[in-house]
$ cat input32.tsv   # TSV, N, CA and C atoms
chain	number	residue	atom	x	y	z
X	1479	MET	N	0.84	-1.18	0.00
X	1479	MET	CA	0.00	0.00	0.00
X	1479	MET	C	0.89	1.25	0.00
X	1480	PRO	N	0.64	2.19	-0.92
X	1480	PRO	CA	1.50	3.38	-0.99
X	1480	PRO	C	1.34	4.25	0.26
X	1481	ASN	N	2.43	4.97	0.56
X	1481	ASN	CA	2.37	5.90	1.69
X	1481	ASN	C	1.45	7.05	1.34
X	1482	GLN	N	0.48	7.29	2.23
X	1482	GLN	CA	-0.44	8.39	2.01
X	1482	GLN	C	-0.26	9.41	3.12
X	1483	LYS	N	-0.31	10.67	2.74
X	1483	LYS	CA	-0.20	11.75	3.70
X	1483	LYS	C	-1.49	11.78	4.52
X	1484	PRO	N	-1.38	11.84	5.86
X	1484	PRO	CA	-2.59	11.94	6.67
X	1484	PRO	C	-3.41	13.15	6.23
X	1485	LYS	N	-4.73	12.99	6.26
X	1485	LYS	CA	-5.65	14.01	5.74
X	1485	LYS	C	-5.49	15.37	6.41
X	1486	ASN	N	-5.24	15.41	7.70
X	1486	ASN	CA	-5.22	16.68	8.43
X	1486	ASN	C	-3.85	17.33	8.54
X	1487	ILE	N	-2.83	16.75	7.91
X	1487	ILE	CA	-1.49	17.30	8.01
X	1487	ILE	C	-1.11	17.94	6.68
X	1488	LEU	N	-0.83	19.22	6.71
X	1488	LEU	CA	-0.35	19.92	5.52
X	1488	LEU	C	1.14	20.16	5.72
X	1489	LEU	N	1.92	19.71	4.79
X	1489	LEU	CA	3.37	19.78	4.95
X	1489	LEU	C	3.97	21.04	4.36
X	1490	CYS	N	3.23	21.77	3.58
X	1490	CYS	CA	3.78	22.91	2.88
X	1490	CYS	C	2.95	24.15	3.19
X	1491	PRO	N	3.59	25.29	3.47
X	1491	PRO	CA	2.83	26.52	3.71
X	1491	PRO	C	1.94	26.90	2.53
X	1492	LEU	N	2.38	26.61	1.32
X	1492	LEU	CA	1.55	26.91	0.15
X	1492	LEU	C	0.26	26.10	0.19
X	1493	GLU	N	0.37	24.82	0.58
X	1493	GLU	CA	-0.83	23.99	0.71
X	1493	GLU	C	-1.80	24.58	1.72
X	1494	TYR	N	-1.27	25.08	2.82
X	1494	TYR	CA	-2.10	25.70	3.85
X	1494	TYR	C	-2.86	26.89	3.25
X	1495	GLY	N	-2.14	27.75	2.54
X	1495	GLY	CA	-2.78	28.91	1.92
X	1495	GLY	C	-3.81	28.51	0.88
X	1496	LEU	N	-3.47	27.55	0.04
X	1496	LEU	CA	-4.41	27.11	-0.98
X	1496	LEU	C	-5.64	26.46	-0.35
X	1497	ASP	N	-5.45	25.78	0.75
X	1497	ASP	CA	-6.58	25.18	1.45
X	1497	ASP	C	-7.52	26.26	2.00
X	1498	LEU	N	-6.94	27.33	2.54
X	1498	LEU	CA	-7.76	28.43	3.08
X	1498	LEU	C	-8.52	29.17	1.99
X	1499	PHE	N	-7.91	29.32	0.81
X	1499	PHE	CA	-8.53	30.08	-0.27
X	1499	PHE	C	-9.16	29.19	-1.33
X	1500	GLY	N	-8.97	27.88	-1.21
X	1500	GLY	CA	-9.39	26.96	-2.25
X	1500	GLY	C	-10.89	26.82	-2.39
X	1501	GLY	N	-11.27	26.21	-3.46
X	1501	GLY	CA	-12.69	26.01	-3.74
X	1501	GLY	C	-13.25	27.19	-4.50
X	1502	LYS	N	-14.46	27.03	-4.93
X	1502	LYS	CA	-15.10	28.03	-5.76
X	1502	LYS	C	-15.53	29.27	-4.99
X	1503	TRP	N	-15.82	29.14	-3.70
X	1503	TRP	CA	-16.53	30.20	-3.00
X	1503	TRP	C	-15.72	30.98	-1.98
X	1504	LYS	N	-14.68	30.42	-1.41
X	1504	LYS	CA	-13.99	31.08	-0.30
X	1504	LYS	C	-13.43	32.45	-0.68
X	1505	CYS	N	-12.76	32.54	-1.81
X	1505	CYS	CA	-12.21	33.85	-2.23
X	1505	CYS	C	-13.33	34.84	-2.50
X	1506	ARG	N	-14.41	34.35	-3.06
X	1506	ARG	CA	-15.53	35.26	-3.34
X	1506	ARG	C	-16.15	35.78	-2.05
X	1507	VAL	N	-16.28	34.92	-1.05
X	1507	VAL	CA	-16.81	35.36	0.25
X	1507	VAL	C	-15.87	36.40	0.84
X	1508	LEU	N	-14.56	36.14	0.78
X	1508	LEU	CA	-13.58	37.10	1.29
X	1508	LEU	C	-13.71	38.45	0.57
X	1509	CYS	N	-13.83	38.41	-0.74
X	1509	CYS	CA	-13.94	39.66	-1.50
X	1509	CYS	C	-15.21	40.42	-1.15
X	1510	VAL	N	-16.32	39.71	-1.06
X	1510	VAL	CA	-17.60	40.37	-0.77
X	1510	VAL	C	-17.57	40.99	0.63
X	1511	LEU	N	-17.10	40.24	1.61
X	1511	LEU	CA	-17.02	40.80	2.97
X	1511	LEU	C	-15.98	41.90	3.05
X	1512	GLY	N	-14.91	41.77	2.29
X	1512	GLY	CA	-13.89	42.81	2.28
X	1512	GLY	C	-14.40	44.11	1.68
X	1513	MET	N	-15.28	44.01	0.70
X	1513	MET	CA	-15.82	45.18	0.05
X	1513	MET	C	-16.96	45.81	0.86
X	1514	ASN	N	-17.79	44.97	1.48
X	1514	ASN	CA	-19.01	45.46	2.12
X	1514	ASN	C	-18.95	45.58	3.63
X	1515	GLY	N	-17.99	44.93	4.26
X	1515	GLY	CA	-17.99	44.90	5.72
X	1515	GLY	C	-18.95	43.84	6.22
X	1516	PRO	N	-19.33	43.90	7.50
X	1516	PRO	CA	-20.20	42.87	8.07
X	1516	PRO	C	-21.51	42.73	7.29
X	1517	MET	N	-21.91	41.47	7.10
X	1517	MET	CA	-23.13	41.19	6.35
X	1517	MET	C	-23.89	40.05	6.98
X	1518	ARG	N	-25.19	40.09	6.80
X	1518	ARG	CA	-26.03	38.98	7.22
X	1518	ARG	C	-26.01	37.90	6.14
X	1519	PHE	N	-26.41	36.69	6.53
X	1519	PHE	CA	-26.40	35.55	5.62
X	1519	PHE	C	-27.18	35.86	4.34
X	1520	SER	N	-28.37	36.41	4.48
X	1520	SER	CA	-29.22	36.67	3.32
X	1520	SER	C	-28.57	37.67	2.36
X	1521	ALA	N	-27.90	38.68	2.90
X	1521	ALA	CA	-27.22	39.67	2.06
X	1521	ALA	C	-26.04	39.03	1.32
X	1522	LEU	N	-25.29	38.18	2.02
X	1522	LEU	CA	-24.19	37.45	1.37
X	1522	LEU	C	-24.72	36.57	0.25
X	1523	SER	N	-25.80	35.88	0.53
X	1523	SER	CA	-26.40	34.99	-0.46
X	1523	SER	C	-26.84	35.76	-1.70
X	1524	ARG	N	-27.46	36.92	-1.50
X	1524	ARG	CA	-27.88	37.76	-2.63
X	1524	ARG	C	-26.67	38.26	-3.43
X	1525	GLU	N	-25.63	38.66	-2.72
X	1525	GLU	CA	-24.44	39.20	-3.40
X	1525	GLU	C	-23.75	38.13	-4.23
X	1526	LEU	N	-23.74	36.91	-3.74
X	1526	LEU	CA	-23.09	35.81	-4.46
X	1526	LEU	C	-24.04	35.17	-5.47
X	1527	ASP	N	-25.26	35.48	-5.43
X	1527	ASP	CA	-26.42	35.13	-6.25
X	1527	ASP	C	-26.51	33.71	-6.82
X	1528	ASN	N	-25.46	33.03	-7.16
X	1528	ASN	CA	-25.60	31.68	-7.71
X	1528	ASN	C	-25.06	30.60	-6.78
X	1529	ILE	N	-25.06	30.87	-5.48
X	1529	ILE	CA	-24.66	29.89	-4.48
X	1529	ILE	C	-25.91	29.42	-3.75
X	1530	THR	N	-25.98	28.14	-3.45
X	1530	THR	CA	-27.12	27.65	-2.68
X	1530	THR	C	-26.92	27.99	-1.21
X	1531	ASP	N	-28.02	28.08	-0.47
X	1531	ASP	CA	-27.91	28.38	0.95
X	1531	ASP	C	-27.11	27.31	1.68
X	1532	ALA	N	-27.29	26.05	1.29
X	1532	ALA	CA	-26.57	24.95	1.95
X	1532	ALA	C	-25.06	25.09	1.72
X	1533	THR	N	-24.67	25.42	0.50
X	1533	THR	CA	-23.25	25.58	0.20
X	1533	THR	C	-22.67	26.78	0.94
X	1534	LEU	N	-23.39	27.91	0.93
X	1534	LEU	CA	-22.92	29.09	1.64
X	1534	LEU	C	-22.77	28.79	3.13
X	1535	ASN	N	-23.73	28.09	3.69
X	1535	ASN	CA	-23.66	27.73	5.11
X	1535	ASN	C	-22.42	26.88	5.39
X	1536	THR	N	-22.14	25.91	4.54
X	1536	THR	CA	-20.97	25.05	4.71
X	1536	THR	C	-19.68	25.85	4.59
X	1537	VAL	N	-19.60	26.72	3.59
X	1537	VAL	CA	-18.40	27.53	3.38
X	1537	VAL	C	-18.17	28.46	4.58
X	1538	LEU	N	-19.23	29.10	5.05
X	1538	LEU	CA	-19.09	30.00	6.19
X	1538	LEU	C	-18.64	29.25	7.45
X	1539	LYS	N	-19.20	28.06	7.68
X	1539	LYS	CA	-18.77	27.25	8.84
X	1539	LYS	C	-17.29	26.92	8.75
X	1540	GLU	N	-16.83	26.52	7.56
X	1540	GLU	CA	-15.41	26.21	7.36
X	1540	GLU	C	-14.56	27.45	7.63
X	1541	MET	N	-14.99	28.58	7.12
X	1541	MET	CA	-14.20	29.80	7.25
X	1541	MET	C	-14.19	30.31	8.69
X	1542	VAL	N	-15.25	30.07	9.44
X	1542	VAL	CA	-15.27	30.41	10.86
X	1542	VAL	C	-14.28	29.52	11.60
X	1543	THR	N	-14.31	28.22	11.29
X	1543	THR	CA	-13.39	27.26	11.90
X	1543	THR	C	-11.93	27.61	11.59
X	1544	GLU	N	-11.69	28.08	10.38
X	1544	GLU	CA	-10.33	28.45	9.95
X	1544	GLU	C	-9.93	29.85	10.42
X	1545	GLU	N	-10.81	30.49	11.16
X	1545	GLU	CA	-10.59	31.84	11.70
X	1545	GLU	C	-10.37	32.88	10.61
X	1546	MET	N	-11.08	32.71	9.50
X	1546	MET	CA	-11.04	33.69	8.42
X	1546	MET	C	-12.28	34.60	8.49
X	1547	VAL	N	-13.35	34.07	9.03
X	1547	VAL	CA	-14.61	34.80	9.15
X	1547	VAL	C	-15.07	34.74	10.59
X	1548	CYS	N	-15.59	35.86	11.05
X	1548	CYS	CA	-16.13	35.96	12.41
X	1548	CYS	C	-17.66	35.93	12.31
X	1549	ARG	N	-18.28	35.12	13.12
X	1549	ARG	CA	-19.75	35.02	13.17
X	1549	ARG	C	-20.20	35.64	14.48
X	1550	ILE	N	-20.98	36.71	14.38
X	1550	ILE	CA	-21.46	37.41	15.58
X	1550	ILE	C	-22.97	37.24	15.66
X	1551	VAL	N	-23.42	36.71	16.80
X	1551	VAL	CA	-24.85	36.54	17.05
X	1551	VAL	C	-25.28	37.63	18.02
X	1552	TYR	N	-26.25	38.42	17.61
X	1552	TYR	CA	-26.77	39.50	18.45
X	1552	TYR	C	-28.00	39.00	19.20
X	1553	ASP	N	-28.05	39.29	20.47
X	1553	ASP	CA	-29.15	38.85	21.32
X	1553	ASP	C	-30.34	39.79	21.13
X	1554	GLU	N	-31.01	39.60	20.02
X	1554	GLU	CA	-32.16	40.42	19.65
X	1554	GLU	C	-33.29	39.51	19.20
X	1555	GLN	N	-34.47	40.08	19.14
X	1555	GLN	CA	-35.60	39.37	18.58
X	1555	GLN	C	-36.10	40.15	17.39
X	1556	PRO	N	-36.14	39.62	16.19
X	1556	PRO	CA	-35.64	38.29	15.85
X	1556	PRO	C	-34.10	38.24	15.90
X	1557	LEU	N	-33.59	37.03	16.01
X	1557	LEU	CA	-32.16	36.81	16.12
X	1557	LEU	C	-31.44	37.39	14.90
X	1558	ARG	N	-30.34	38.06	15.13
X	1558	ARG	CA	-29.54	38.65	14.05
X	1558	ARG	C	-28.14	38.08	14.12
X	1559	VAL	N	-27.66	37.60	12.98
X	1559	VAL	CA	-26.30	37.05	12.87
X	1559	VAL	C	-25.60	37.78	11.74
X	1560	GLU	N	-24.37	38.22	12.01
X	1560	GLU	CA	-23.57	38.89	10.98
X	1560	GLU	C	-22.23	38.18	10.83
X	1561	TYR	N	-21.72	38.23	9.62
X	1561	TYR	CA	-20.42	37.66	9.30
X	1561	TYR	C	-19.50	38.79	8.87
X	1562	SER	N	-18.26	38.72	9.33
X	1562	SER	CA	-17.26	39.72	8.96
X	1562	SER	C	-15.90	39.04	8.85
X	1563	LEU	N	-14.96	39.76	8.25
X	1563	LEU	CA	-13.61	39.22	8.12
X	1563	LEU	C	-12.85	39.38	9.42
X	1564	THR	N	-12.05	38.38	9.73
X	1564	THR	CA	-11.13	38.48	10.86
X	1564	THR	C	-9.90	39.27	10.42
X	1565	GLU	N	-9.05	39.59	11.37
X	1565	GLU	CA	-7.79	40.26	11.04
X	1565	GLU	C	-6.95	39.39	10.11
X	1566	LYS	N	-6.99	38.09	10.35
X	1566	LYS	CA	-6.26	37.14	9.51
X	1566	LYS	C	-6.73	37.25	8.05
X	1567	ALA	N	-8.04	37.30	7.85
X	1567	ALA	CA	-8.58	37.41	6.50
X	1567	ALA	C	-8.30	38.78	5.90
X	1568	GLN	N	-8.40	39.82	6.70
X	1568	GLN	CA	-8.10	41.18	6.20
X	1568	GLN	C	-6.68	41.23	5.66
X	1569	SER	N	-5.76	40.54	6.34
X	1569	SER	CA	-4.37	40.56	5.89
X	1569	SER	C	-4.18	39.83	4.56
X	1570	ALA	N	-5.15	39.01	4.17
X	1570	ALA	CA	-5.06	38.27	2.91
X	1570	ALA	C	-5.60	39.07	1.72
X	1571	LEU	N	-6.34	40.13	1.97
X	1571	LEU	CA	-6.92	40.90	0.86
X	1571	LEU	C	-5.88	41.43	-0.12
X	1572	PRO	N	-4.72	41.94	0.34
X	1572	PRO	CA	-3.71	42.36	-0.64
X	1572	PRO	C	-3.22	41.21	-1.53
X	1573	ILE	N	-3.20	40.01	-1.01
X	1573	ILE	CA	-2.80	38.85	-1.81
X	1573	ILE	C	-3.83	38.64	-2.92
X	1574	LEU	N	-5.10	38.71	-2.56
X	1574	LEU	CA	-6.16	38.54	-3.56
X	1574	LEU	C	-6.12	39.67	-4.58
X	1575	GLN	N	-5.80	40.88	-4.14
X	1575	GLN	CA	-5.67	42.00	-5.07
X	1575	GLN	C	-4.55	41.75	-6.07
X	1576	ASN	N	-3.44	41.22	-5.59
X	1576	ASN	CA	-2.32	40.91	-6.48
X	1576	ASN	C	-2.69	39.81	-7.47
X	1577	ILE	N	-3.41	38.80	-7.02
X	1577	ILE	CA	-3.86	37.73	-7.92
X	1577	ILE	C	-4.79	38.31	-8.97
X	1578	CYS	N	-5.67	39.21	-8.55
X	1578	CYS	CA	-6.60	39.85	-9.48
X	1578	CYS	C	-5.83	40.63	-10.55
X	1579	GLY	N	-4.86	41.41	-10.12
X	1579	GLY	CA	-4.05	42.17	-11.07
X	1579	GLY	C	-3.26	41.28	-12.01
X	1580	TRP	N	-2.70	40.21	-11.46
X	1580	TRP	CA	-1.95	39.25	-12.27
X	1580	TRP	C	-2.88	38.61	-13.30
X	1581	SER	N	-4.08	38.23	-12.86
X	1581	SER	CA	-5.04	37.59	-13.77
X	1581	SER	C	-5.44	38.52	-14.90
X	1582	LYS	N	-5.62	39.81	-14.59
X	1582	LYS	CA	-5.96	40.76	-15.65
X	1582	LYS	C	-4.85	40.84	-16.67
X	1583	THR	N	-3.61	40.73	-16.24
X	1583	THR	CA	-2.46	40.82	-17.14
X	1583	THR	C	-2.39	39.62	-18.07
X	1584	TYR	N	-2.65	38.42	-17.55
X	1584	TYR	CA	-2.44	37.20	-18.33
X	1584	TYR	C	-3.71	36.52	-18.82
X	1585	ALA	N	-4.87	36.98	-18.46
X	1585	ALA	CA	-6.12	36.32	-18.85
X	1585	ALA	C	-6.29	36.28	-20.36
X	1586	ASP	N	-6.00	37.38	-21.05
X	1586	ASP	CA	-6.17	37.42	-22.49
X	1586	ASP	C	-5.23	36.46	-23.20
X	1587	VAL	N	-4.07	36.25	-22.62
X	1587	VAL	CA	-3.08	35.36	-23.22
X	1587	VAL	C	-3.46	33.90	-23.00
X	1588	ASP	N	-3.94	33.57	-21.79
X	1588	ASP	CA	-4.15	32.18	-21.41
X	1588	ASP	C	-5.54	31.64	-21.69
X	1589	THR	N	-6.52	32.48	-21.94
X	1589	THR	CA	-7.88	31.99	-22.12
X	1589	THR	C	-8.47	32.50	-23.42
X	1590	LYS	N	-9.37	31.71	-23.98
X	1590	LYS	CA	-10.08	32.14	-25.18
X	1590	LYS	C	-11.30	32.98	-24.81
X	1591	ASN	N	-11.76	32.83	-23.58
X	1591	ASN	CA	-12.93	33.55	-23.12
X	1591	ASN	C	-12.51	34.81	-22.39
X	1592	VAL	N	-13.31	35.83	-22.50
X	1592	VAL	CA	-13.06	37.06	-21.76
X	1592	VAL	C	-13.51	36.83	-20.33
X	1593	LEU	N	-12.66	37.16	-19.38
X	1593	LEU	CA	-13.03	37.01	-17.98
X	1593	LEU	C	-13.83	38.22	-17.54
X	1594	SER	N	-14.98	37.96	-16.96
X	1594	SER	CA	-15.84	39.03	-16.49
X	1594	SER	C	-15.80	39.05	-14.97
X	1595	PRO	N	-15.22	40.09	-14.37
X	1595	PRO	CA	-15.10	40.10	-12.91
X	1595	PRO	C	-16.44	40.37	-12.23
X	1596	CYS	N	-16.61	39.79	-11.06
X	1596	CYS	CA	-17.78	40.10	-10.25
X	1596	CYS	C	-17.60	41.50	-9.67
X	1597	ARG	N	-18.65	42.05	-9.06
X	1597	ARG	CA	-18.58	43.40	-8.50
X	1597	ARG	C	-17.47	43.51	-7.47
X	1598	SER	N	-17.28	42.47	-6.66
X	1598	SER	CA	-16.23	42.50	-5.65
X	1598	SER	C	-14.86	42.52	-6.29
X	1599	CYS	N	-14.69	41.75	-7.36
X	1599	CYS	CA	-13.40	41.72	-8.03
X	1599	CYS	C	-13.11	43.05	-8.70
X	1600	ILE	N	-14.12	43.69	-9.24
X	1600	ILE	CA	-13.91	45.01	-9.85
X	1600	ILE	C	-13.35	45.94	-8.79
X	1601	HIS	N	-13.93	45.90	-7.59
X	1601	HIS	CA	-13.45	46.73	-6.49
X	1601	HIS	C	-12.02	46.37	-6.11
X	1602	LEU	N	-11.75	45.07	-5.97
X	1602	LEU	CA	-10.40	44.62	-5.60
X	1602	LEU	C	-9.38	44.99	-6.66
X	1603	CYS	N	-9.74	44.76	-7.93
X	1603	CYS	CA	-8.79	45.04	-9.00
X	1603	CYS	C	-8.51	46.54	-9.10
X	1604	LYS	N	-9.52	47.37	-8.91
X	1604	LYS	CA	-9.29	48.82	-8.94
X	1604	LYS	C	-8.36	49.22	-7.81
X	1605	THR	N	-8.57	48.62	-6.63
X	1605	THR	CA	-7.70	48.90	-5.50
X	1605	THR	C	-6.28	48.42	-5.80
X	1606	ALA	N	-6.18	47.27	-6.44
X	1606	ALA	CA	-4.88	46.69	-6.75
X	1606	ALA	C	-4.11	47.49	-7.79
X	1607	GLU	N	-4.83	48.15	-8.69
X	1607	GLU	CA	-4.13	48.91	-9.74
X	1607	GLU	C	-3.21	49.96	-9.16
X	1608	GLY	N	-3.57	50.48	-8.00
X	1608	GLY	CA	-2.71	51.46	-7.36
X	1608	GLY	C	-1.50	50.83	-6.69
X	1609	THR	N	-1.52	49.51	-6.47
X	1609	THR	CA	-0.44	48.85	-5.75
X	1609	THR	C	0.42	47.97	-6.63
X	1610	ILE	N	-0.03	47.64	-7.82
X	1610	ILE	CA	0.74	46.73	-8.67
X	1610	ILE	C	1.56	47.51	-9.66
$ encode --input "input32.tsv" --output "structure tokens"
Amino acid sequence: MPNQKPKNILLCPLEYGLDLFGGKWKCRVLCVLGMNGPMRFSALSRELDNITDATLNTVLKEMVTEEMVCRIVYDEQPLRVEYSLTEKAQSALPILQNICGWSKTYADVDTKNVLSPCRSCIHLCKTAEGTI
């Protein structure tokens, strides 16, 4: 039987970073919260528009566990819950801005399709233009 890396052990810092940002939705959640600040679940769902509630719930739970997103429950009636970026996630926004700028530079070369940024990416890329 071949040697397999245990599921919960990441041996490379790059793997750790890719795990935190990986998947279809995590970067988008980071961008939306980075652009808008604290948001309720329904507002996040509307902003991401093509994500199911079950998927968004799963992604948010993972990101809370990874300490990228903070979940605040307000003791009100009706109950109010807001999601916001942690300091750890805020520190990652410049990385996403750099990726956005890099993608704009090479997208035309590497893809046959024109990449259409979401509203959050437009904001990030505009911010990145001043830094790249």
$ closest_residue --input "input32.tsv" --among "X:Pro1556, X:Pro1572, X:Pro1516, X:Gly1501" --to "Val1537 in chain X" --atoms "only C-alpha atoms"
X:Gly1501
$ axis_aligned_box --input "input32.tsv" --around "range 1533-1549 of chain X" --padding-each-side "6 Å" --output "JSON"
{"center_x": -17.3, "center_y": 30.5, "center_z": 7.3, "size_x": 26.7, "size_y": 22.9, "size_z": 26.3}
$ atom_distance --input "input32.tsv" --atom1 "atom C of Gln1555 in chain X" --atom2 "atom N of Ala1521 in chain X"
16.7 Å
$ closest_residue --input "input32.tsv" --among "X:Ser1581, X:Leu1492, X:Val1551, X:Gly1512" --to "Ser1569 in chain X" --atoms "only C-alpha atoms"
X:Gly1512
$ select_by_dssp --input "input32.tsv" --residues "range 1522-1565 of chain X" --states "helix (DSSP H, G or I)" --output "ChimeraX atom specification"
/X:1522-1526,1531-1543,1565
$ select_by_dssp --input "input32.tsv" --residues "range 1509-1575 of chain X" --states "strand (DSSP E)" --output "PyMOL selection string"
chain X and resi 1517-1518+1547-1552+1558-1563
$ atom_distance --input "input32.tsv" --atom1 "CA of Gln1575 in chain X" --atom2 "atom C of Trp1503 in chain X"
15.2 Å
$ residues_near_point --input "input32.tsv" --point "(-23.1, 44.8, 7.4)" --cutoff "8 Å" --atoms "only N, CA and C atoms" --output "list in words"
Asn1514, Gly1515, Pro1516, Met1517, Arg1518, Glu1560, Tyr1561 and Ser1562 of chain X
$ atom_distance --input "input32.tsv" --atom1 "CA of Val1559 in chain X" --atom2 "atom C of Leu1571 in chain X"
24.6 Å
